[in-house]
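S.K.: Just one file: entry17.csv, with CSV, C-alpha atoms and all ligand atoms.
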chain,number,residue,atom,x,y,z
A,22,MET,CA,0.0,0.0,0.0
A,23,SER,CA,1.4,3.4,-0.9
A,24,ALA,CA,1.7,6.2,1.6
A,25,PHE,CA,-1.2,8.7,1.8
A,26,GLU,CA,-1.3,12.2,3.1
A,27,ALA,CA,-1.5,12.0,6.9
A,28,ALA,CA,-2.4,15.6,7.8
A,29,ALA,CA,-3.7,18.8,6.2
A,30,PRO,CA,-0.9,20.7,4.5
A,31,ILE,CA,0.6,23.6,6.5
A,32,ALA,CA,1.2,26.9,4.7
A,33,GLY,CA,4.5,28.8,5.4
A,34,VAL,CA,7.7,30.2,4.0
A,35,TRP,CA,10.7,28.0,2.9
A,36,ARG,CA,14.3,29.3,3.1
A,37,GLU,CA,17.2,27.3,1.7
A,38,GLY,CA,20.1,27.0,4.1
A,39,GLY,CA,22.0,30.3,4.3
A,40,SER,CA,19.5,32.1,2.1
A,41,ALA,CA,17.5,35.1,3.4
A,42,ALA,CA,15.0,34.9,0.6
A,43,GLY,CA,11.8,33.0,1.5
A,44,LYS,CA,9.5,31.2,-0.8
A,45,GLU,CA,5.8,30.7,-0.2
A,46,SER,CA,5.3,27.0,0.2
A,47,ARG,CA,3.4,24.2,1.7
A,48,LEU,CA,4.5,21.4,4.1
A,49,ARG,CA,2.9,18.0,3.6
A,50,MET,CA,3.2,14.9,5.7
A,51,MET,CA,2.7,11.4,4.4
A,52,SER,CA,1.6,8.4,6.5
A,53,ASP,CA,5.1,6.8,6.3
A,54,GLY,CA,6.5,9.8,8.2
A,55,THR,CA,8.0,11.6,5.2
A,56,VAL,CA,7.6,15.4,5.2
A,57,SER,CA,8.0,17.4,2.1
A,58,ILE,CA,8.0,21.1,1.2
A,59,TRP,CA,6.1,22.1,-2.0
A,60,SER,CA,6.4,25.3,-3.8
A,61,ALA,CA,3.3,27.0,-5.3
A,62,ASP,CA,4.1,25.7,-8.8
A,63,GLY,CA,4.1,22.1,-7.5
A,64,THR,CA,7.9,21.5,-7.2
A,65,VAL,CA,9.3,19.5,-4.2
A,66,LEU,CA,11.8,21.9,-2.5
A,67,ALA,CA,12.9,19.5,0.3
A,68,GLU,CA,12.1,16.2,1.8
A,69,ALA,CA,13.0,14.6,5.1
A,70,SER,CA,11.8,12.1,7.5
A,71,LEU,CA,9.6,13.4,10.3
A,72,GLY,CA,12.0,12.4,13.1
A,73,SER,CA,15.0,14.3,11.5
A,74,ILE,CA,13.3,17.7,11.7
A,75,ALA,CA,13.8,20.0,14.6
A,76,VAL,CA,10.7,21.8,15.6
A,77,SER,CA,10.8,25.1,17.6
A,78,ASP,CA,8.7,25.3,20.8
A,79,ARG,CA,5.3,27.0,20.8
A,80,VAL,CA,5.5,30.5,22.4
A,81,GLY,CA,2.3,32.4,22.1
A,82,SER,CA,1.6,33.2,18.5
A,83,ILE,CA,5.3,33.6,17.5
A,84,PRO,CA,5.9,31.7,14.2
A,85,ARG,CA,7.4,28.2,14.4
A,86,HIS,CA,10.5,27.0,12.7
A,87,LEU,CA,11.1,23.5,11.3
A,88,ALA,CA,14.8,23.0,10.7
A,89,PHE,CA,15.5,20.4,8.0
A,90,PRO,CA,18.6,18.3,8.1
A,91,ASN,CA,19.8,19.9,4.8
A,92,GLY,CA,20.0,23.2,6.5
A,93,GLY,CA,16.7,24.6,5.2
A,94,ASP,CA,14.1,26.2,7.3
A,95,PHE,CA,10.3,26.2,7.1
A,96,GLU,CA,8.6,29.0,8.9
A,97,THR,CA,4.8,29.0,9.7
A,98,ARG,CA,2.2,30.7,11.8
A,99,ASP,CA,0.0,27.6,11.8
A,100,ASN,CA,0.8,26.7,15.4
A,101,ASP,CA,-2.0,24.2,15.6
A,102,GLY,CA,-0.9,22.5,12.4
A,103,VAL,CA,2.6,22.1,13.8
A,104,ASP,CA,1.3,20.8,17.1
A,105,ARG,CA,-0.7,18.1,15.2
A,106,LEU,CA,2.5,17.3,13.3
A,107,GLN,CA,4.5,17.0,16.6
A,108,ALA,CA,1.8,14.9,18.2
A,109,ARG,CA,2.4,12.5,15.2
A,110,LEU,CA,6.1,12.8,15.6
A,111,GLY,CA,5.8,11.9,19.3
A,112,ARG,CA,3.8,8.8,18.5
A,113,HIS,CA,6.1,7.8,15.7
A,114,ARG,CA,9.2,8.1,17.9
A,115,GLY,CA,7.5,6.5,20.9
A,116,PHE,CA,6.5,3.5,18.7
A,117,ILE,CA,9.9,3.1,17.2
A,118,HIS,CA,11.6,3.4,20.5
A,119,SER,CA,9.4,0.9,22.2
A,120,LEU,CA,10.2,-1.6,19.4
A,121,GLU,CA,13.9,-1.0,19.8
A,122,GLY,CA,13.9,-0.8,23.5
A,123,PHE,CA,11.9,-3.9,24.3
A,124,ARG,CA,13.9,-6.3,26.4
A,125,PRO,CA,12.8,-9.0,28.9
A,126,ARG,CA,15.0,-7.3,31.5
A,127,LEU,CA,12.9,-4.1,31.1
A,128,LEU,CA,9.8,-6.1,31.7
A,129,ILE,CA,11.2,-7.5,34.9
A,130,PHE,CA,12.3,-4.0,36.0
A,131,VAL,CA,8.7,-2.7,35.4
A,132,ALA,CA,7.2,-5.6,37.3
A,133,LEU,CA,9.6,-4.9,40.2
A,134,ALA,CA,8.7,-1.2,40.2
A,135,VAL,CA,5.0,-2.0,40.2
A,136,ALA,CA,5.5,-4.4,43.1
A,137,LEU,CA,7.5,-1.8,45.0
A,138,CYS,CA,4.8,0.8,44.6
A,139,PHE,CA,2.2,-1.7,45.7
A,140,ALA,CA,4.3,-2.6,48.8
A,141,ILE,CA,4.7,1.1,49.6
A,142,TYR,CA,1.0,1.7,49.2
A,143,ARG,CA,0.1,-1.4,51.2
A,144,TYR,CA,2.6,-1.3,54.0
A,145,ALA,CA,4.7,1.9,54.1
A,146,VAL,CA,1.8,4.4,53.7
A,147,PRO,CA,-0.2,3.0,56.6
A,148,ALA,CA,2.9,2.8,58.8
A,149,LEU,CA,3.9,6.3,58.0
A,150,VAL,CA,0.3,7.5,58.5
A,151,GLU,CA,0.4,6.0,62.1
A,152,VAL,CA,3.7,7.7,62.8
A,153,ALA,CA,2.5,11.0,61.4
A,154,VAL,CA,-0.7,10.8,63.5
A,155,TRP,CA,1.2,10.2,66.7
A,156,VAL,CA,3.8,13.0,66.1
A,157,THR,CA,1.3,15.6,64.9
A,158,PRO,CA,1.5,18.4,67.5
A,159,PRO,CA,-1.7,20.0,68.7
A,160,ALA,CA,-0.7,23.2,66.9
A,161,VAL,CA,-0.9,21.5,63.5
A,162,SER,CA,-4.3,20.0,64.3
A,163,GLU,CA,-5.5,23.4,65.4
A,164,ALA,CA,-4.2,25.0,62.2
A,165,ILE,CA,-6.0,22.4,60.1
A,166,GLY,CA,-9.2,22.9,62.1
A,167,LYS,CA,-9.1,26.6,61.8
A,168,GLY,CA,-8.3,26.5,58.1
A,169,VAL,CA,-11.1,24.1,57.3
A,170,MET,CA,-13.7,26.0,59.3
A,171,LEU,CA,-12.7,29.2,57.6
A,172,THR,CA,-13.0,27.6,54.1
A,173,LEU,CA,-16.3,26.0,54.9
A,174,ASP,CA,-17.7,29.2,56.4
A,175,GLN,CA,-16.8,30.9,53.1
A,176,LEU,CA,-17.9,28.3,50.7
A,177,VAL,CA,-20.6,26.2,52.3
A,178,PHE,CA,-22.0,27.2,55.6
A,179,GLU,CA,-24.6,29.7,56.6
A,180,GLU,CA,-25.2,31.2,60.1
A,181,THR,CA,-27.2,28.9,62.3
A,182,LYS,CA,-30.9,29.7,62.7
A,183,LEU,CA,-31.5,27.6,65.7
A,184,ALA,CA,-32.9,29.3,68.8
A,185,GLU,CA,-30.4,30.2,71.4
A,186,ASP,CA,-31.9,28.1,74.2
A,187,ARG,CA,-31.9,25.1,71.9
A,188,ARG,CA,-28.3,25.5,71.2
A,189,GLU,CA,-27.5,26.0,74.9
A,190,THR,CA,-29.3,22.8,75.8
A,191,LEU,CA,-27.4,20.8,73.2
A,192,LYS,CA,-24.1,22.4,74.1
A,193,ALA,CA,-24.6,21.6,77.7
A,194,GLY,CA,-25.2,17.9,76.8
A,195,PHE,CA,-22.2,18.0,74.5
A,196,ASP,CA,-19.9,19.4,77.1
A,197,LYS,CA,-21.0,16.8,79.6
A,198,LEU,CA,-20.1,14.1,77.0
A,199,ALA,CA,-16.8,15.7,76.4
A,200,THR,CA,-15.7,15.7,80.0
A,201,LEU,CA,-16.3,11.9,80.1
A,202,THR,CA,-13.7,11.3,77.4
A,203,PRO,CA,-10.0,10.8,78.2
A,204,ARG,CA,-9.0,13.9,76.2
A,205,GLY,CA,-11.8,15.9,77.7
A,206,ALA,CA,-11.0,15.0,81.3
A,207,GLY,CA,-7.4,15.9,80.8
A,208,ALA,CA,-8.2,19.2,79.2
A,209,ALA,CA,-10.8,20.2,81.8
A,210,GLN,CA,-8.1,19.8,84.5
A,211,SER,CA,-5.9,22.3,82.7
A,212,GLY,CA,-8.9,24.6,82.1
A,213,VAL,CA,-9.0,24.2,78.3
A,214,GLN,CA,-11.7,22.7,76.1
A,215,ALA,CA,-10.8,19.5,74.2
A,216,TYR,CA,-14.0,19.6,72.1
A,217,THR,CA,-16.0,22.5,70.9
A,218,LEU,CA,-19.4,22.3,69.4
A,219,ASN,CA,-20.3,24.6,66.5
A,220,PHE,CA,-23.8,25.1,65.0
A,221,ARG,CA,-24.0,26.0,61.3
A,222,GLY,CA,-26.7,26.2,58.6
A,223,GLY,CA,-25.6,23.3,56.3
A,224,GLY,CA,-26.2,25.0,53.0
A,225,LYS,CA,-25.7,22.5,50.2
A,226,ILE,CA,-24.3,19.8,52.5
A,227,GLY,CA,-27.6,19.6,54.3
A,228,PRO,CA,-28.1,17.4,57.4
A,229,ASN,CA,-24.6,16.6,58.6
A,230,ALA,CA,-22.2,16.4,61.5
A,231,PHE,CA,-18.4,16.1,61.4
A,232,ALA,CA,-15.4,16.5,63.5
A,233,LEU,CA,-12.0,18.0,62.8
A,234,PRO,CA,-8.7,16.7,64.2
A,235,ASP,CA,-8.5,19.5,66.8
A,236,GLY,CA,-11.8,18.6,68.4
A,237,THR,CA,-13.9,21.0,66.6
A,238,VAL,CA,-17.3,19.4,66.1
A,239,VAL,CA,-19.9,20.8,63.7
A,240,VAL,CA,-23.6,20.0,63.5
A,241,THR,CA,-25.9,21.5,60.9
A,242,ASP,CA,-29.3,23.0,61.7
A,243,GLU,CA,-30.7,20.5,59.2
A,244,LEU,CA,-29.5,17.5,61.3
A,245,VAL,CA,-30.9,19.1,64.5
A,246,ASP,CA,-34.2,19.7,62.7
A,247,LEU,CA,-34.3,16.1,61.5
A,248,ALA,CA,-34.1,14.7,65.0
A,249,LYS,CA,-36.9,17.1,66.1
A,250,SER,CA,-36.9,17.2,69.9
A,251,ASP,CA,-35.1,14.0,70.4
A,252,ASP,CA,-31.9,15.5,71.9
A,253,GLU,CA,-30.5,12.1,72.8
A,254,MET,CA,-30.3,11.3,69.1
A,255,ILE,CA,-28.3,14.4,68.4
A,256,LEU,CA,-26.0,13.8,71.3
A,257,ALA,CA,-25.5,10.3,70.1
A,258,VAL,CA,-24.3,11.7,66.7
A,259,LEU,CA,-22.1,14.2,68.5
A,260,ALA,CA,-20.7,11.3,70.6
A,261,HIS,CA,-20.0,9.4,67.3
A,262,GLU,CA,-18.1,12.5,66.0
A,263,ILE,CA,-16.1,12.8,69.3
A,264,GLY,CA,-15.2,9.1,68.7
A,265,HIS,CA,-13.7,10.0,65.3
A,266,VAL,CA,-11.5,12.6,67.0
A,267,ASP,CA,-10.5,10.4,69.9
A,268,HIS,CA,-9.5,7.6,67.5
A,269,HIS,CA,-7.7,10.1,65.2
A,270,HIS,CA,-9.8,8.9,62.3
A,271,THR,CA,-9.9,12.3,60.5
A,272,LEU,CA,-6.2,13.0,60.8
A,273,ARG,CA,-5.4,9.5,59.7
A,274,GLN,CA,-7.6,9.8,56.7
A,275,LEU,CA,-6.1,13.1,55.8
A,276,TYR,CA,-2.6,11.7,55.9
A,277,ARG,CA,-3.6,8.6,54.0
A,278,VAL,CA,-4.9,10.8,51.1
A,279,ALA,CA,-1.8,13.0,51.3
A,280,GLY,CA,0.4,9.9,51.4
A,281,ILE,CA,-1.3,8.3,48.4
A,282,ALA,CA,-1.0,11.7,46.6
A,283,ALA,CA,2.7,11.7,47.4
A,284,LEU,CA,3.0,8.2,46.0
A,285,ILE,CA,1.4,9.2,42.8
A,286,MET,CA,3.8,12.1,42.6
A,287,MET,CA,6.7,9.7,43.1
A,288,ILE,CA,5.5,7.5,40.2
A,289,GLY,CA,4.1,10.2,37.9
A,290,GLY,CA,6.5,13.0,38.8
A,291,ASP,CA,3.7,15.5,39.0
A,292,ILE,CA,0.8,15.8,41.3
A,293,GLY,CA,-0.5,19.3,40.4
A,294,SER,CA,-2.0,20.8,43.5
A,295,ALA,CA,-3.8,17.7,44.8
A,296,THR,CA,-1.9,17.4,48.1
A,297,GLU,CA,-2.2,21.1,48.7
A,298,ASP,CA,-5.9,20.9,48.1
A,299,VAL,CA,-6.4,18.0,50.4
A,300,LEU,CA,-4.4,19.8,53.1
A,301,THR,CA,-6.0,23.2,52.9
A,302,GLN,CA,-9.5,22.8,51.5
A,303,GLY,CA,-12.2,22.0,54.0
A,304,ALA,CA,-14.6,20.7,51.3
A,305,ALA,CA,-12.1,18.0,50.5
A,306,LEU,CA,-11.6,17.1,54.1
A,307,VAL,CA,-15.3,16.8,54.8
A,308,SER,CA,-15.9,14.8,51.7
A,309,LEU,CA,-13.4,12.3,52.9
A,310,SER,CA,-15.5,9.4,54.1
A,311,HIS,CA,-14.1,7.2,56.9
A,312,SER,CA,-13.5,3.6,56.4
A,313,ARG,CA,-16.3,1.1,57.4
A,314,GLY,CA,-14.0,0.0,60.3
A,315,ALA,CA,-13.7,3.6,61.5
A,316,GLU,CA,-17.4,4.2,61.3
A,317,ALA,CA,-18.1,1.0,63.3
A,318,GLU,CA,-15.5,2.2,65.9
A,319,ALA,CA,-17.2,5.6,66.2
A,320,ASP,CA,-20.6,3.9,66.5
A,321,ARG,CA,-19.4,1.8,69.4
A,322,TYR,CA,-17.7,4.9,70.9
A,323,SER,CA,-21.1,6.6,70.8
A,324,VAL,CA,-22.8,3.7,72.5
A,325,GLU,CA,-20.3,3.6,75.3
A,326,LEU,CA,-20.1,7.3,75.9
A,327,MET,CA,-23.9,7.8,75.9
A,328,HIS,CA,-24.2,5.0,78.4
A,329,ARG,CA,-21.5,6.5,80.6
A,330,ALA,CA,-23.4,9.9,80.5
A,331,GLY,CA,-26.6,8.1,81.6
A,332,HIS,CA,-28.3,8.4,78.2
A,333,ASP,CA,-29.9,5.7,76.0
A,334,PRO,CA,-26.8,3.8,74.5
A,335,ALA,CA,-28.9,2.8,71.5
A,336,ALA,CA,-29.7,6.5,70.6
A,337,ILE,CA,-27.2,6.3,67.6
A,338,ALA,CA,-29.1,3.2,66.3
A,339,ARG,CA,-32.3,5.2,66.6
A,340,PHE,CA,-30.8,8.0,64.6
A,341,PHE,CA,-29.8,5.6,61.8
A,342,GLU,CA,-33.3,4.1,61.9
A,343,LEU,CA,-34.7,7.6,61.5
A,344,LEU,CA,-32.4,8.1,58.4
A,345,ARG,CA,-33.5,4.7,57.1
A,346,ASP,CA,-37.2,5.5,57.5
A,347,ARG,CA,-36.9,9.0,56.1
A,348,PHE,CA,-34.4,8.5,53.2
A,349,GLY,CA,-34.1,4.7,52.7
A,350,LEU,CA,-31.1,2.6,53.4
A,351,ALA,CA,-27.7,4.0,52.5
A,352,ASP,CA,-28.8,6.3,49.7
A,353,GLY,CA,-29.3,10.0,49.0
A,354,MET,CA,-27.9,12.7,51.2
A,355,ASP,CA,-24.3,13.5,52.0
A,356,PHE,CA,-24.6,12.4,55.6
A,357,LEU,CA,-25.9,9.1,54.3
A,358,SER,CA,-23.0,8.7,51.9
A,359,THR,CA,-20.4,9.3,54.5
A,360,HIS,CA,-22.4,7.7,57.2
A,361,PRO,CA,-24.4,5.0,55.5
A,362,ALA,CA,-27.5,3.8,57.4
A,363,THR,CA,-27.2,0.1,56.6
A,364,GLN,CA,-29.4,-2.5,58.3
A,365,GLN,CA,-26.2,-4.3,59.4
A,366,ARG,CA,-25.0,-1.1,61.1
A,367,ILE,CA,-28.3,-0.6,62.9
A,368,ASP,CA,-28.3,-4.2,64.0
A,369,GLU,CA,-24.7,-4.2,65.2
A,370,THR,CA,-25.2,-0.9,67.1
A,371,ARG,CA,-28.4,-2.2,68.8
A,372,ARG,CA,-26.7,-5.4,69.8
A,373,TYR,CA,-23.7,-3.6,71.2
A,374,ALA,CA,-26.0,-1.2,73.1
A,375,THR,CA,-27.7,-4.1,74.7
A,376,GLU,CA,-24.4,-5.5,75.7
A,377,VAL,CA,-23.1,-2.3,77.1
A,378,ALA,CA,-26.3,-1.6,79.0
A,379,ALA,CA,-26.0,-5.0,80.7
A,380,ARG,CA,-22.5,-4.4,82.0
F,401,ZN,ZN,-18.7,8.9,61.2
Could you express the structure from this file as C-alpha cells?

M.R.:
Amino acid sequence: MSAFEAAAPIAGVWREGGSAAGKESRLRMMSDGTVSIWSADGTVLAEASLGSIAVSDRVGSIPRHLAFPNGGDFETRDNDGVDRLQARLGRHRGFIHSLEGFRPRLLIFVALAVALCFAIYRYAVPALVEVAVWVTPPAVSEAIGKGVMLTLDQLVFEETKLAEDRRETLKAGFDKLATLTPRGAGAAQSGVQAYTLNFRGGGKIGPNAFALPDGTVVVTDELVDLAKSDDEMILAVLAHEIGHVDHHHTLRQLYRVAGIAALIMMIGGDIGSATEDVLTQGAALVSLSHSRGAEAEADRYSVELMHRAGHDPAAIARFFELLRDRFGLADGMDFLSTHPATQQRIDETRRYATEVAAR
C-alpha cells in the first residue's frame, strides 16, 4: 500500500540553508513519516523524515521554525498544524523506541517497580500514617481545624438559625459528654476545652455532622431539625463524632490521602496541587469518608459514651433508623453517603448497646 497524506498541509515560507529569501510554500506529511516542502508551482523543494526535523517550541503566536537536516528552514504561523504534526512525531518516535527498547530485562524492571509501589501503598503508607498521626503536634491539628472552618464558612455554611436556648441545651449535653472522654477529662483539668461544638446552617451539604482533628465538632441545623426534639439522638451523633476525633480517624484519613497523593507524585512526577488541596481545603476534608471500620468504631464509641453519660446507649441506632425511614437505606444525602445507614450497622449498634447496658 502506498503512503497517503496524513495531515492537512501547512502553509508557510521556505528558506534554503544560508539564504534570506523566503518562498511561499506548503508542508505536507505522508503516512510513512515523510515530510516534504512544496512550492506554489508544485515542485518539491525539500524532503526529510519526520524524526529528523527539529521543531521550535510554541510560544504564544510567534511563528514556528522547522529545521530540516539539509539546513533549510520552514517558517509557519500555523501553530495548531505544527502541534498536530508534533503529536504524530511523538507517537512515531515512541512506537519506534518501544520496538527498539523492548527487552525482557525491562519487563522485569517494570514488574519490580510496580511491586515496590504496591508494597509502599500497602505497608509503608499505613505505617507512615500512624507515625504522622502520633507525632502531629496540637498546633498542627488546630491550624488544620481553623483553616477548614474558615474555608467551609466561606464556601458552604450559613449562620445557624437555631434558637439560642436550643443551642444552649445541646451544648450543655455535648460538654458533659466531652468531660467523660479521656482527652476531655485531661483538658478540663488544665482549664481548656478538648472539644468545641459549633452550629451552622448546612447549605448545600444539608443534614450533617463532622469532627476536625483539633476537636472542633460541627452539627448543621438540618440535622438538628431532622431529630426534632429527640436531643439524645443528636447527642449520640455528636458522641460518634467525638469518637472520630478520639480515635484520630480524620487526621489518619487526611494523611492517608496525602500519602497516596505523594506516592502518585513519586510515580508520575507531577501531582498538580492535589496534596495542597487536600491539606488546605475544607470541602475536600469533609468529603473524605471514613472507612467502614472507623465508622463502626465511632458507633461503638457513641454507645459507650452515651451509656456513661446516663443516656440511651442505642440512641445512635435510633438515629440511623430515622435516616432509614426518612431516606431509605444508604442512599441519597451527603450524611448518608459518609455515614451509610445500613441495616447491618443498625443491628450491630443495637446489639452492642444491649451488651453495654447489661454491664
Ligand atoms: Zn462517622

S.K.: Here's a test: counting all atoms listed in the file, identify every protein, DNA and RNA residue with an atom at most 6 Å from (-23.0, 7.4, 64.8) in the file's coordinate frame, and state them as a PyMOL selection string.

M.R.: chain A and resi 258+261+320+337

S.K.: What is the distance between atom CA of Ser60 of chain A and atom CA of Glu37 of chain A, in Å to one decimal?

M.R.: 12.3 Å

S.K.: Mind giving me the straight-line distance from atom CA of Val150 of chain A to atom CA of Tyr373 of chain A in Å, one decimal?

M.R.: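 Computing it gives 29.3 Å between the two atoms.
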
S.K.: Within 7 Å of (-30.4, 27.1, 62.0), all atoms listed in the file: residues as a list in words?

M.R.: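 Protein and nucleic acid residues near the point are Glu180, Thr181, Lys182, Leu183, Arg221, Gly222 and Asp242 of chain A.
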
S.K.: Give me, please, the distance in Å between atom CA of Ala206 of chain A and atom CA of Gly236 of chain A, quoted to one decimal.

M.R.: 13.4 Å

S.K.: For a quick check of understanding, using only C-alpha atoms and all ligand atoms, which of A:Ala208, A:Ala260, A:Ala75, A:Val103 has the smallest distance to ligand ZN 401 (chain F)?

M.R.: A:Ala260

S.K.: Under the rule that all atoms listed in the file are counted, which of A:His268, A:Arg36, A:Arg188, A:Arg372 is the nearest residue to ligand ZN 401 (chain F)?

M.R.: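 Closest to ligand ZN 401 (chain F), using all atoms listed in the file: A:His268.
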
S.K.: Counting all atoms listed in the file, which of A:Gly38, A:Pro147, A:Gly314, A:Pro84 gets nearest to ligand ZN 401 (chain F)?

M.R.: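 Going through A:Gly38, A:Pro147, A:Gly314, A:Pro84 one by one, the smallest distance to ligand ZN 401 (chain F) is for A:Gly314.
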
S.K.: Which of these, A:Ser312, A:Ala319, A:Pro234, A:Ala136, has the shortest distance to Glu163 of chain A once you count all atoms listed in the file?

M.R.: A:Pro234

S.K.: So, counting all atoms listed in the file, which residue among A:Leu343, A:Leu71, A:Ile367, A:Ala315 is closest to ligand ZN 401 (chain F)?

M.R.: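 The closest residue to ligand ZN 401 (chain F) is A:Ala315.
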
S.K.: Nearest residue to ligand ZN 401 (chain F) out of A:Ala42, A:Ala317, A:Ala140, A:Leu218, using all atoms listed in the file?

M.R.: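 Using all atoms listed in the file, ligand ZN 401 (chain F) sits closest to A:Ala317.
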
S.K.: Using the incomplete input, complete segment 63-82 of chain A to the level of N, CA, C and O atoms; output as a JSON list (two decimals), keeping the file's coordinate frame.

M.R.:
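Saved to part.json:
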[["chain", "number", "residue", "atom", "x", "y", "z"],
["A", 63, "GLY", "N", 4.19, 23.53, -7.53],
["A", 63, "GLY", "CA", 4.10, 22.10, -7.50],
["A", 63, "GLY", "C", 5.48, 21.37, -7.49],
["A", 63, "GLY", "O", 5.54, 20.18, -7.76],
["A", 64, "THR", "N", 6.58, 22.10, -7.23],
["A", 64, "THR", "CA", 7.90, 21.50, -7.20],
["A", 64, "THR", "C", 8.21, 21.09, -5.73],
["A", 64, "THR", "O", 7.88, 21.84, -4.81],
["A", 65, "VAL", "N", 8.85, 19.94, -5.56],
["A", 65, "VAL", "CA", 9.30, 19.50, -4.20],
["A", 65, "VAL", "C", 10.61, 20.23, -3.93],
["A", 65, "VAL", "O", 11.59, 20.04, -4.63],
["A", 66, "LEU", "N", 10.60, 21.09, -2.87],
["A", 66, "LEU", "CA", 11.80, 21.90, -2.50],
["A", 66, "LEU", "C", 12.71, 21.11, -1.56],
["A", 66, "LEU", "O", 13.92, 21.29, -1.56],
["A", 67, "ALA", "N", 12.10, 20.31, -0.72],
["A", 67, "ALA", "CA", 12.90, 19.50, 0.30],
["A", 67, "ALA", "C", 12.06, 18.36, 0.75],
["A", 67, "ALA", "O", 10.83, 18.38, 0.67],
["A", 68, "GLU", "N", 12.76, 17.37, 1.23],
["A", 68, "GLU", "CA", 12.10, 16.20, 1.80],
["A", 68, "GLU", "C", 12.93, 15.60, 2.87],
["A", 68, "GLU", "O", 14.16, 15.56, 2.76],
["A", 69, "ALA", "N", 12.28, 15.20, 3.94],
["A", 69, "ALA", "CA", 13.00, 14.60, 5.10],
["A", 69, "ALA", "C", 12.08, 13.74, 5.87],
["A", 69, "ALA", "O", 10.85, 13.86, 5.75],
["A", 70, "SER", "N", 12.65, 12.88, 6.69],
["A", 70, "SER", "CA", 11.80, 12.10, 7.50],
["A", 70, "SER", "C", 11.37, 12.91, 8.76],
["A", 70, "SER", "O", 12.14, 13.78, 9.21],
["A", 71, "LEU", "N", 10.20, 12.63, 9.23],
["A", 71, "LEU", "CA", 9.60, 13.40, 10.30],
["A", 71, "LEU", "C", 10.54, 13.52, 11.52],
["A", 71, "LEU", "O", 10.72, 14.58, 12.10],
["A", 72, "GLY", "N", 11.19, 12.40, 11.88],
["A", 72, "GLY", "CA", 12.00, 12.40, 13.10],
["A", 72, "GLY", "C", 13.31, 13.18, 12.94],
["A", 72, "GLY", "O", 13.94, 13.51, 13.94],
["A", 73, "SER", "N", 13.70, 13.55, 11.70],
["A", 73, "SER", "CA", 15.00, 14.30, 11.50],
["A", 73, "SER", "C", 14.81, 15.77, 11.53],
["A", 73, "SER", "O", 15.76, 16.51, 11.38],
["A", 74, "ILE", "N", 13.54, 16.22, 11.70],
["A", 74, "ILE", "CA", 13.30, 17.70, 11.70],
["A", 74, "ILE", "C", 13.17, 18.21, 13.07],
["A", 74, "ILE", "O", 12.48, 17.66, 13.92],
["A", 75, "ALA", "N", 13.91, 19.31, 13.32],
["A", 75, "ALA", "CA", 13.80, 20.00, 14.60],
["A", 75, "ALA", "C", 12.76, 21.02, 14.61],
["A", 75, "ALA", "O", 12.77, 21.91, 13.77],
["A", 76, "VAL", "N", 11.82, 20.91, 15.54],
["A", 76, "VAL", "CA", 10.70, 21.80, 15.60],
["A", 76, "VAL", "C", 10.84, 22.78, 16.76],
["A", 76, "VAL", "O", 11.09, 22.34, 17.88],
["A", 77, "SER", "N", 10.69, 24.11, 16.53],
["A", 77, "SER", "CA", 10.80, 25.10, 17.60],
["A", 77, "SER", "C", 9.59, 24.99, 18.53],
["A", 77, "SER", "O", 8.53, 24.57, 18.12],
["A", 78, "ASP", "N", 9.75, 25.41, 19.80],
["A", 78, "ASP", "CA", 8.70, 25.30, 20.80],
["A", 78, "ASP", "C", 7.57, 26.37, 20.46],
["A", 78, "ASP", "O", 7.83, 27.38, 19.82],
["A", 79, "ARG", "N", 6.38, 26.08, 20.96],
["A", 79, "ARG", "CA", 5.30, 27.00, 20.80],
["A", 79, "ARG", "C", 5.37, 28.08, 21.84],
["A", 79, "ARG", "O", 5.40, 27.80, 23.03],
["A", 80, "VAL", "N", 5.46, 29.33, 21.43],
["A", 80, "VAL", "CA", 5.50, 30.50, 22.40],
["A", 80, "VAL", "C", 4.48, 31.49, 21.90],
["A", 80, "VAL", "O", 4.73, 32.22, 20.95],
["A", 81, "GLY", "N", 3.33, 31.52, 22.54],
["A", 81, "GLY", "CA", 2.30, 32.40, 22.10],
["A", 81, "GLY", "C", 1.96, 32.26, 20.66],
["A", 81, "GLY", "O", 1.78, 31.15, 20.19],
["A", 82, "SER", "N", 1.93, 33.36, 19.92],
["A", 82, "SER", "CA", 1.60, 33.20, 18.50],
["A", 82, "SER", "C", 2.84, 33.49, 17.62],
["A", 82, "SER", "O", 2.73, 33.80, 16.44]]
